[in-house]
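K.L.:
The structure under discussion is supplied below as C-alpha cells; questions concerning it will follow.
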Amino acid sequence: MMTASMRLAIATLLFLGSAVAAAQPQIQHWRTDNGAEVYFVAARELPIVDVRLTFDAGGARDGNTPGLARLTNELVMAGAEGMDAGTIARQFEANGARIDNASQQDMAYLHLRSLSDPGRLAPSLSLFRDVVAAPSFPAEDFQRTREQMLVSLRQSQQSPGKTASRRFKAAIYGDHPYGTPAAGTVAGLKAATRGEVKAFYERYYAARNMVIAIVGDLERDRAERIAADLANTRPDGEPASPLPPVAAGAVGETLRVDFDTQQTHILLGQPAVRRGTADWHALYVANHILGGGGLTSRLSEEMREKRGLSYSTQSYFAPAARKGRFEIRTQVRNDKRDEALTVLRESLHAFHAEGPTADELASAKRQITGSFPLNLDSNRDILGYVAMIGFYDLPLDYLARFRDQVQSVDADAVRRAFRAHVDPDALTTLMVGPYPETRGEE
Amino acid sequence: MAFKYATRACTIALTAMTWLATPAAAMPSDTHEYTLDNGLSVVVRRDARAPVAVSQLWYHVGSSYEHQGITGVSHVLEHMMFKGTETLAPGEFSQIVSDNGGEHNAFTSRDYTTYYEQLAADRLEVAFRLEADRMRNLRLDPAEFDKERQVVIEERRLRVTDQPQSLLSERFNAQAYLASPYGLPVIGWRGDLDDMQLADLQQWYERWYGPSNATLVVVGDVEPSAVRDLAEKHFGDIPAGEVPAPRGETGVAEPGERRLTLHRTDVNTPYLLMGYNVPSLASAEDATEVHALAVLSMILDGGEGAVLSEELVRGRALAASASAGYSPVDRLDTLFMLSGVPAMDHDIDTLEAALLERIEGFRQEPVSAETLQRAKTQLLADHIYQLDSTFYQAMEIGRLEATGIGWEVLEGYEAAVEAVTAAQVQAVARKYLTADRLTVARLIPAAHRDRTRQEAE
C-alpha cells in the first residue's frame, strides 16, 4: 500500500529525474552515404567546434609489425599534396586551430579543434579534409618519426611505472595483440616500412571503419555536410575484422623485474571485461568500492590511511573490444613490498568473497550518481564519451541511463559481477624493483 | 592530494574576444568579486553549461613562503587537512563529499595551497561548511602525522627520487633560483621531511590559514549573490586574524651563468633543461615585456609549425623532442624555459648549441609579421579553448589572486596580446635571454650501467 509520503517521495524523484535528463547531452546519430557512423552533439555556449575521426586502427591492428598503427597515426599530418608537415601545421595554427592525434590499443583518432567563427573554421576543415584524403607519408618524415618513437621507447625503459605496465600486459596477454605495446617494439619499428604504413592507412582509415564525432557550436545540417565531406575523402573499405578472443592466461604467476629504484611497483590483475558487457554498471560500482573511489576506497583505506604504505593505491577495469584488463596498482618502499602484497591480496580476497557492505554500496551509489554530471561538464568530455559510444557501438542512451543503471544495482549483483570477471586465484602479480637475483634474465 | 610543479604552459587568460563573430553574452565572462568583513575574498563566475559547480579555496601560502630547514611544510599541512578537525574524524571529510556525489582534492604549489570540491551546483553548501570548519578547527594528531609523513615520503620517491628527469628538475631549480625561495622544492627536501615536527605544522596553520589570506573561487551553475550569501553564512564569523607579509627574498636578477650535470646509472636517454631568469606578471615593472615573452614562447613552441619543431626536430633533426615555456602567473621572478631530448645519434652538446643559436637569432632579427600574428592568434584561441573547463577557469582566477596580480587583468588580456610588436619581442630577447641569466642542467647516462641500488638521499 502506498502512503502519502511515499507518493510524495516518488513524485520528487520523478521530477528530479526529468530535470537531470534535460541536462544530458542530446546525441544525434546517422550514417554517411559511404558508411561512416556519425555522432553529433550541439553545444552552442562556447564558440568552439570539435571534430574527431576515430578508426578501428589501434595497436591491436599492428599485425607482425608492433608500432605500425602508431607510426601511421603520427605520420598522417606530416605531408599532403604540395605541403610538408610545417606548412600544414602553420595553416592550422594561423587560424588558431589545434590538431591532436593518438593511437591506443583499440582505437586511433585524428582530432581537430577550431573556433566556430566561419572565417576560422572553414579553412581549417578544408585543410583537414585535404590531408586526411591523401596524406603523402614523406620518406624523410617516416625515418625521423620512427627514430623519435625509438628514442621514446628507450626512454620509457628507464621508467619503473612504464616498464611495469609493459611487462604486465605481456604477461597477462601473451601472444594476443593486447600483449604488445601500442608504442611498438624496437624490432617492430626497425622492421616497419613506408609501404606498410601506406597500406595500413588504406586498409584501416576507411569510411566503414570510421566513427565521426562532432561536438560544438554548429547546426545539425552543417554537421551533416562536414561529416559527409570528411567521410567522402576515404574509400568505403570494410570494417576491421573482429580481434581474436583472449585465451585463458597463465594462472597465479608472480613475476619480478630487477630495477634500480627506491620503490617497488606492484601490479596485480588479469584479462577481465569487454566493453558493452551487461553487468558493467555492477562492476563499476564494485571497483569504486574496492579501489576506484579515491581516498575512500578499501584499498586506499588499508594501504594509505591505516598503514601509510603508499601514496597511491588504485584498482580499475579497462574494458576493451576484447577482454580488457583488471588491474590493482601501487608503489611502496622496497622493504615494505611483502607486507603490501599481503594487504592487497587479503583485501581483494575479502571483497571477492563477501562483496560490499550495505553502507559501502549506498555510499558508492550516491557518489557515482551524484558526480556523474561532472564527467560531462565540458565539450572535451562529451566528445570523448560520444566517440567511445560510437566506437564500441554502445546504446545512444548510454549516458542518459547511466545513473539509473547504477542506482538499480544491489549488493548481490555487485558481488556476482565481480566474481564473474575477477578470479583472485588466477591473478598475475608483477613486481618491479630491486631484485638482484633476477639480474640478466631480460 | 598532490603537489604540482610549475606549469610550463604560457597561460594567463581572457574574457570575450572581440575579433570573434560571437555574441558576448555567450561567453562566461560574468565574474563577480566580494570581500567579507574578515577579509575573505570571494570570486564567482557563472557558467551554466552543466548543473555543477567547482569551489576552490586558495590559501596564499606555498613553498615560496618556506625556508631551508622547513621545506615541504605547506604540502604536508595540505595532507593533514584531511586528517580531522574538532568536529570531524580523519577521513570523514572525504566521506561527506563522496556521499554528496562530489569529488575533491587539494594541491600545493610555490605560491598557493588550494582545496577544491566539485559538486552538483545545489550542493555547494556542503563544500563551504567543510572548508569553513577546517579553516579554524583543524586537529593535528601525532599518530596521523607519523603515517602521513610516510605517505609524503612515498610520494616523493614516486614523483622525484625514482624519476631522473624530475630529480634533474629539482636540482635545476635550486641552481636557477639563486636567493629566491622558488629554488625550494614544493614537496620538500628529504631531510626536512624527516625532521619535520607537528609544531611546525601547527605554526604554519596558525600563521597562514586565515580568511584574510584566502580567496574562495566558485565557477559553475550558480547565482553570484547567492554564493556570496552562502560564503557569509559559513565563513563570515571566522575572526580575521593577522597575517604576516611573506619574507622579502626575491632572488637575484642576473646571477651569472650556472651549469649542472647529473650523471646517473639509471638513465639511458640524455635530457637538457635551460632556463633564463625573467620577470613574472607580478614582478614585472612593465607588463608589456611579459606579454612579449609569452608571444616569444608561442613562436618557439606553439605547435608543430613553430620554430623548435620546424628547425630542430624536423629541419636539422637534432632533437627527438624540444619545448619552450613561460608561465607568467607567478608572485616572484620566474624562468623562461627550454628543454629537449637529443635525437638518436646526436649529443646533448649539439642540441644545446642549436638552442642557444636559435635564441641568438631572436636577439639579432625581428620576427616576421606572419609569425607574430600566428603566435598571437594561437595565444588568444587557446584561451577560448580553456574556457571549456570550469575547473581551469577557477584555477586561472585563483592563481591570479594568489600571486597578487588580480583576476581583473583578464579584462585587458586580449588587447595586451594584440599590442605586442616584433620590436618588443626582439627587445625582450635581447634584455632577458642573456648568458648571465641562464642556467643549464643536463642529465647524462653514466658510462657503466650497473644496477647498484641507490643510497637513500
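So you can find residues: chains in the C-alpha cells are A, B, ... in the order shown, residues in each start at 1, and ligands are numbered from 1 in order.
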Extract, using only C-alpha atoms, all DNA, RNA and protein residues at most 8 Å from Trp58 in chain B, discarding same-chain residues fewer than 4 positions from it, and format them as a list in words.
P.N.:
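Contacts, in chain order: Tyr112, Thr113, Thr114, Tyr115, Ala214, Thr215, Leu216, Val217, Gly398 and Ala402 of chain B.
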K.L.:
Using N, CA and C atoms, can you export the residues from the last selection as a short mmCIF file (atom, residue, chain, number, x, y, z; two decimals), in the first residue's frame?
P.N.:
data_model
loop_
_atom_site.label_atom_id
_atom_site.label_comp_id
_atom_site.auth_asym_id
_atom_site.auth_seq_id
_atom_site.Cartn_x
_atom_site.Cartn_y
_atom_site.Cartn_z
N TYR B 112 50.76 28.98 -3.55
CA TYR B 112 49.42 28.73 -3.02
C TYR B 112 49.23 27.27 -2.61
N THR B 113 48.25 27.10 -1.73
CA THR B 113 47.77 25.77 -1.35
C THR B 113 46.26 25.81 -1.55
N THR B 114 45.76 24.91 -2.38
CA THR B 114 44.37 25.03 -2.84
C THR B 114 43.58 23.76 -2.53
N TYR B 115 42.38 23.96 -2.02
CA TYR B 115 41.48 22.85 -1.68
C TYR B 115 40.24 22.99 -2.54
N ALA B 214 43.09 34.31 2.16
CA ALA B 214 42.50 33.28 1.30
C ALA B 214 41.57 33.90 0.27
N THR B 215 41.41 33.18 -0.83
CA THR B 215 40.44 33.55 -1.86
C THR B 215 39.58 32.34 -2.16
N LEU B 216 38.27 32.56 -2.11
CA LEU B 216 37.33 31.48 -2.43
C LEU B 216 36.83 31.72 -3.85
N VAL B 217 37.06 30.76 -4.74
CA VAL B 217 36.64 30.92 -6.14
C VAL B 217 35.58 29.87 -6.46
N GLY B 398 42.06 31.88 -9.44
CA GLY B 398 42.74 31.65 -8.17
C GLY B 398 44.23 31.95 -8.25
N ALA B 402 46.15 34.62 -5.98
CA ALA B 402 47.14 34.18 -5.00
C ALA B 402 48.53 34.73 -5.29
#
K.L.:
Near Arg222 in chain A, within 12 Å and counting only C-alpha atoms, which residues show up once chain neighbours fewer than 5 positions away are dropped, as a ChimeraX atom specification?
P.N.:
/A:40,42,49,116,118,121-122,125,214-217,227-229
K.L.:
Can I get the residues of chain A within 7 Å of chain B, each with the closest pair of atoms and their distance in Å to one decimal, using only C-alpha atoms, sorted chain first then ascending number, as a tab-separated table?
P.N.:
residue	atom	partner	partner_atom	distance
A:Ala23	CA	B:Ala50	CA	6.6
A:Glu45	CA	B:Ala26	CA	5.4
A:Leu46	CA	B:Met27	CA	6.4
A:Pro47	CA	B:Thr22	CA	6.8
A:Gly86	CA	B:Gly305	CA	4.6
A:Thr87	CA	B:Gly305	CA	7.0
A:Ala89	CA	B:Gly305	CA	4.7
A:Arg90	CA	B:Gly305	CA	4.7
A:Glu93	CA	B:Gln378	CA	6.3
A:Ala94	CA	B:Arg374	CA	4.6
A:Asn95	CA	B:Thr377	CA	6.9
A:Gly96	CA	B:Gln378	CA	4.7
A:Asp117	CA	B:Ala21	CA	6.0
A:Glu147	CA	B:Met344	CA	6.6
A:Gln148	CA	B:Ala320	CA	5.1
A:Val151	CA	B:Met344	CA	6.6
A:Gln155	CA	B:Thr269	CA	5.8
A:Gln158	CA	B:Val267	CA	5.9
A:Ser159	CA	B:Gln163	CA	6.9
A:Asp260	CA	B:Arg453	CA	5.4
A:Thr261	CA	B:Asp162	CA	5.6
A:Gln262	CA	B:Asp162	CA	6.5
A:Gln263	CA	B:Arg157	CA	6.8
A:Thr296	CA	B:Gln95	CA	6.6
A:Arg304	CA	B:Val151	CA	6.9
A:Arg307	CA	B:Lys147	CA	6.6
A:Gly308	CA	B:Lys147	CA	4.7
A:Leu309	CA	B:Val151	CA	6.5
A:Ser310	CA	B:Val151	CA	5.7
A:Tyr311	CA	B:Val151	CA	5.1
A:Val332	CA	B:Glu154	CA	6.7
A:Arg333	CA	B:Glu154	CA	6.9
A:Ser363	CA	B:Asp99	CA	5.5
A:Arg366	CA	B:Asp99	CA	5.5
A:Gln367	CA	B:Gly101	CA	3.8
A:Ile368	CA	B:Gly101	CA	6.4
A:Thr369	CA	B:Gly101	CA	6.6
A:Gly370	CA	B:Gly101	CA	3.6
A:Ser371	CA	B:Gly101	CA	4.6
A:Leu374	CA	B:Val52	CA	6.7
A:Asp377	CA	B:Ala50	CA	5.3
A:Ser378	CA	B:Asp388	CA	5.4
A:Asn379	CA	B:Asp388	CA	6.4
A:Pro434	CA	B:Arg453	CA	7.0
K.L.:
I need the chosen residues saved as a short mmCIF file (atom, residue, chain, number, x, y, z; two decimals), in the first residue's frame, with N, CA and C atoms.
P.N.:
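To be explicit, this is the file written out as again_3.cif:
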data_model
loop_
_atom_site.label_atom_id
_atom_site.label_comp_id
_atom_site.auth_asym_id
_atom_site.auth_seq_id
_atom_site.Cartn_x
_atom_site.Cartn_y
_atom_site.Cartn_z
N ALA A 23 19.60 17.77 -18.71
CA ALA A 23 20.97 18.26 -18.69
C ALA A 23 21.92 17.33 -19.45
N GLU A 45 27.13 27.07 -26.36
CA GLU A 45 27.52 28.10 -25.39
C GLU A 45 28.89 28.69 -25.67
N LEU A 46 29.82 27.87 -26.13
CA LEU A 46 31.16 28.37 -26.41
C LEU A 46 31.43 28.33 -27.90
N PRO A 47 32.22 29.27 -28.41
CA PRO A 47 32.46 29.35 -29.87
C PRO A 47 33.52 28.35 -30.32
N GLY A 86 55.39 21.22 -41.79
CA GLY A 86 55.38 22.57 -41.24
C GLY A 86 54.34 23.44 -41.91
N THR A 87 54.20 23.31 -43.22
CA THR A 87 53.21 24.11 -43.95
C THR A 87 51.80 23.78 -43.48
N ALA A 89 50.92 22.42 -40.56
CA ALA A 89 50.74 22.84 -39.17
C ALA A 89 50.54 24.35 -39.07
N ARG A 90 51.34 25.11 -39.83
CA ARG A 90 51.23 26.56 -39.71
C ARG A 90 49.90 27.10 -40.25
N GLU A 93 47.57 26.55 -37.39
CA GLU A 93 47.92 27.46 -36.29
C GLU A 93 47.54 28.90 -36.60
N ALA A 94 47.66 29.29 -37.87
CA ALA A 94 47.33 30.67 -38.24
C ALA A 94 45.85 30.96 -38.01
N ASN A 95 45.03 29.90 -37.98
CA ASN A 95 43.61 30.08 -37.70
C ASN A 95 43.26 29.72 -36.26
N GLY A 96 44.26 29.49 -35.45
CA GLY A 96 44.02 29.16 -34.05
C GLY A 96 43.52 27.75 -33.85
N ASP A 117 33.80 30.44 -35.44
CA ASP A 117 33.74 31.55 -36.39
C ASP A 117 34.01 30.98 -37.80
N GLU A 147 62.53 7.11 -35.67
CA GLU A 147 63.61 7.32 -34.71
C GLU A 147 63.11 7.96 -33.42
N GLN A 148 62.19 8.91 -33.56
CA GLN A 148 61.62 9.54 -32.36
C GLN A 148 60.92 8.50 -31.50
N VAL A 151 63.49 6.53 -29.67
CA VAL A 151 64.01 7.27 -28.52
C VAL A 151 63.01 7.21 -27.36
N GLN A 155 63.49 5.68 -23.70
CA GLN A 155 63.24 6.49 -22.51
C GLN A 155 62.26 5.80 -21.56
N GLN A 158 63.51 3.49 -18.86
CA GLN A 158 64.12 3.97 -17.62
C GLN A 158 63.04 4.33 -16.59
N SER A 159 61.76 4.20 -16.96
CA SER A 159 60.68 4.50 -16.04
C SER A 159 60.14 3.21 -15.43
N ASP A 260 66.47 -0.47 -10.54
CA ASP A 260 67.25 0.29 -9.57
C ASP A 260 66.43 1.46 -9.02
N THR A 261 65.53 1.19 -8.08
CA THR A 261 64.63 2.23 -7.57
C THR A 261 64.46 2.11 -6.06
N GLN A 262 63.98 3.17 -5.45
CA GLN A 262 63.70 3.14 -4.01
C GLN A 262 62.34 2.52 -3.70
N GLN A 263 61.47 2.50 -4.71
CA GLN A 263 60.16 1.89 -4.52
C GLN A 263 60.02 0.67 -5.41
N THR A 296 38.51 7.12 -0.44
CA THR A 296 37.56 6.40 0.41
C THR A 296 37.45 4.92 0.04
N ARG A 304 46.94 3.24 2.52
CA ARG A 304 47.40 4.61 2.81
C ARG A 304 46.91 5.12 4.16
N ARG A 307 47.91 2.42 7.13
CA ARG A 307 49.30 1.97 7.28
C ARG A 307 50.36 2.93 6.73
N GLY A 308 49.95 3.95 5.99
CA GLY A 308 50.95 4.86 5.43
C GLY A 308 51.93 4.18 4.49
N LEU A 309 51.47 3.13 3.80
CA LEU A 309 52.38 2.35 2.95
C LEU A 309 52.63 2.99 1.59
N SER A 310 51.64 3.69 1.06
CA SER A 310 51.77 4.17 -0.31
C SER A 310 51.11 5.53 -0.46
N TYR A 311 51.54 6.25 -1.47
CA TYR A 311 50.86 7.50 -1.81
C TYR A 311 49.60 7.18 -2.61
N VAL A 332 55.40 1.03 -3.29
CA VAL A 332 55.77 1.10 -1.87
C VAL A 332 57.28 1.02 -1.72
N ARG A 333 57.78 1.47 -0.57
CA ARG A 333 59.23 1.36 -0.37
C ARG A 333 59.61 -0.12 -0.35
N SER A 363 26.84 4.33 -0.22
CA SER A 363 27.74 5.47 -0.39
C SER A 363 28.30 5.53 -1.82
N ARG A 366 25.64 6.76 -4.15
CA ARG A 366 25.45 8.21 -4.01
C ARG A 366 26.57 8.96 -4.73
N GLN A 367 27.80 8.50 -4.53
CA GLN A 367 28.88 9.27 -5.15
C GLN A 367 28.90 9.14 -6.68
N ILE A 368 28.70 7.94 -7.16
CA ILE A 368 28.77 7.74 -8.62
C ILE A 368 27.65 8.51 -9.32
N THR A 369 26.44 8.36 -8.80
CA THR A 369 25.32 9.04 -9.47
C THR A 369 25.44 10.55 -9.29
N GLY A 370 25.86 10.97 -8.10
CA GLY A 370 25.97 12.41 -7.84
C GLY A 370 27.04 13.07 -8.66
N SER A 371 28.15 12.37 -8.85
CA SER A 371 29.27 13.03 -9.54
C SER A 371 29.25 12.81 -11.05
N LEU A 374 29.64 15.64 -13.43
CA LEU A 374 30.98 16.24 -13.50
C LEU A 374 31.78 15.68 -14.68
N ASP A 377 30.89 17.87 -18.08
CA ASP A 377 30.73 19.33 -17.94
C ASP A 377 31.59 20.12 -18.92
N SER A 378 32.19 19.45 -19.90
CA SER A 378 32.92 20.21 -20.92
C SER A 378 32.72 19.55 -22.28
N ASN A 379 32.91 20.32 -23.33
CA ASN A 379 32.79 19.76 -24.68
C ASN A 379 33.78 18.63 -24.88
N PRO A 434 64.18 -3.46 -6.94
CA PRO A 434 65.48 -4.13 -6.86
C PRO A 434 65.31 -5.63 -6.56
#
K.L.:
What's around Glu249 in chain B at 7 Å? Count only C-alpha atoms, leave out sequence neighbours fewer than 3 positions away in its own chain, and write the answer as a ChimeraX atom specification.
P.N.:
/B:179-181
K.L.:
Deliver the residues from the most recent selection as a file, using C-alpha atoms, as a PDB file, in the first residue's frame.
P.N.:
ATOM      1  CA  ALA B 179      68.488  33.543  -3.380  1.00  0.00           C
ATOM      2  CA  SER B 180      64.851  33.069  -4.391  1.00  0.00           C
ATOM      3  CA  PRO B 181      62.511  30.770  -2.446  1.00  0.00           C
TER       4      PRO B 181
END
K.L.:
Could you check how far CA of Asp50 in chain A sits from CA of Asp393 in chain A, in Å to one decimal?
P.N.:
20.4 Å
K.L.:
List as a PyMOL selection string the protein and nucleic acid residues near range 199-203 of chain A, meaning an atom at most 12 Å away when only C-alpha atoms are counted, but skip any in the same chain fewer than 4 places from it.
P.N.:
chain A and resi 55-59+61-63+65+67-76+108+132-137+192-195+207-210+233-241
K.L.:
Nearest to Tyr173 in chain A: which of A:Leu110, A:Ala187, A:Ile382, A:Val251 is it, counting only C-alpha atoms?
P.N.:
A:Val251
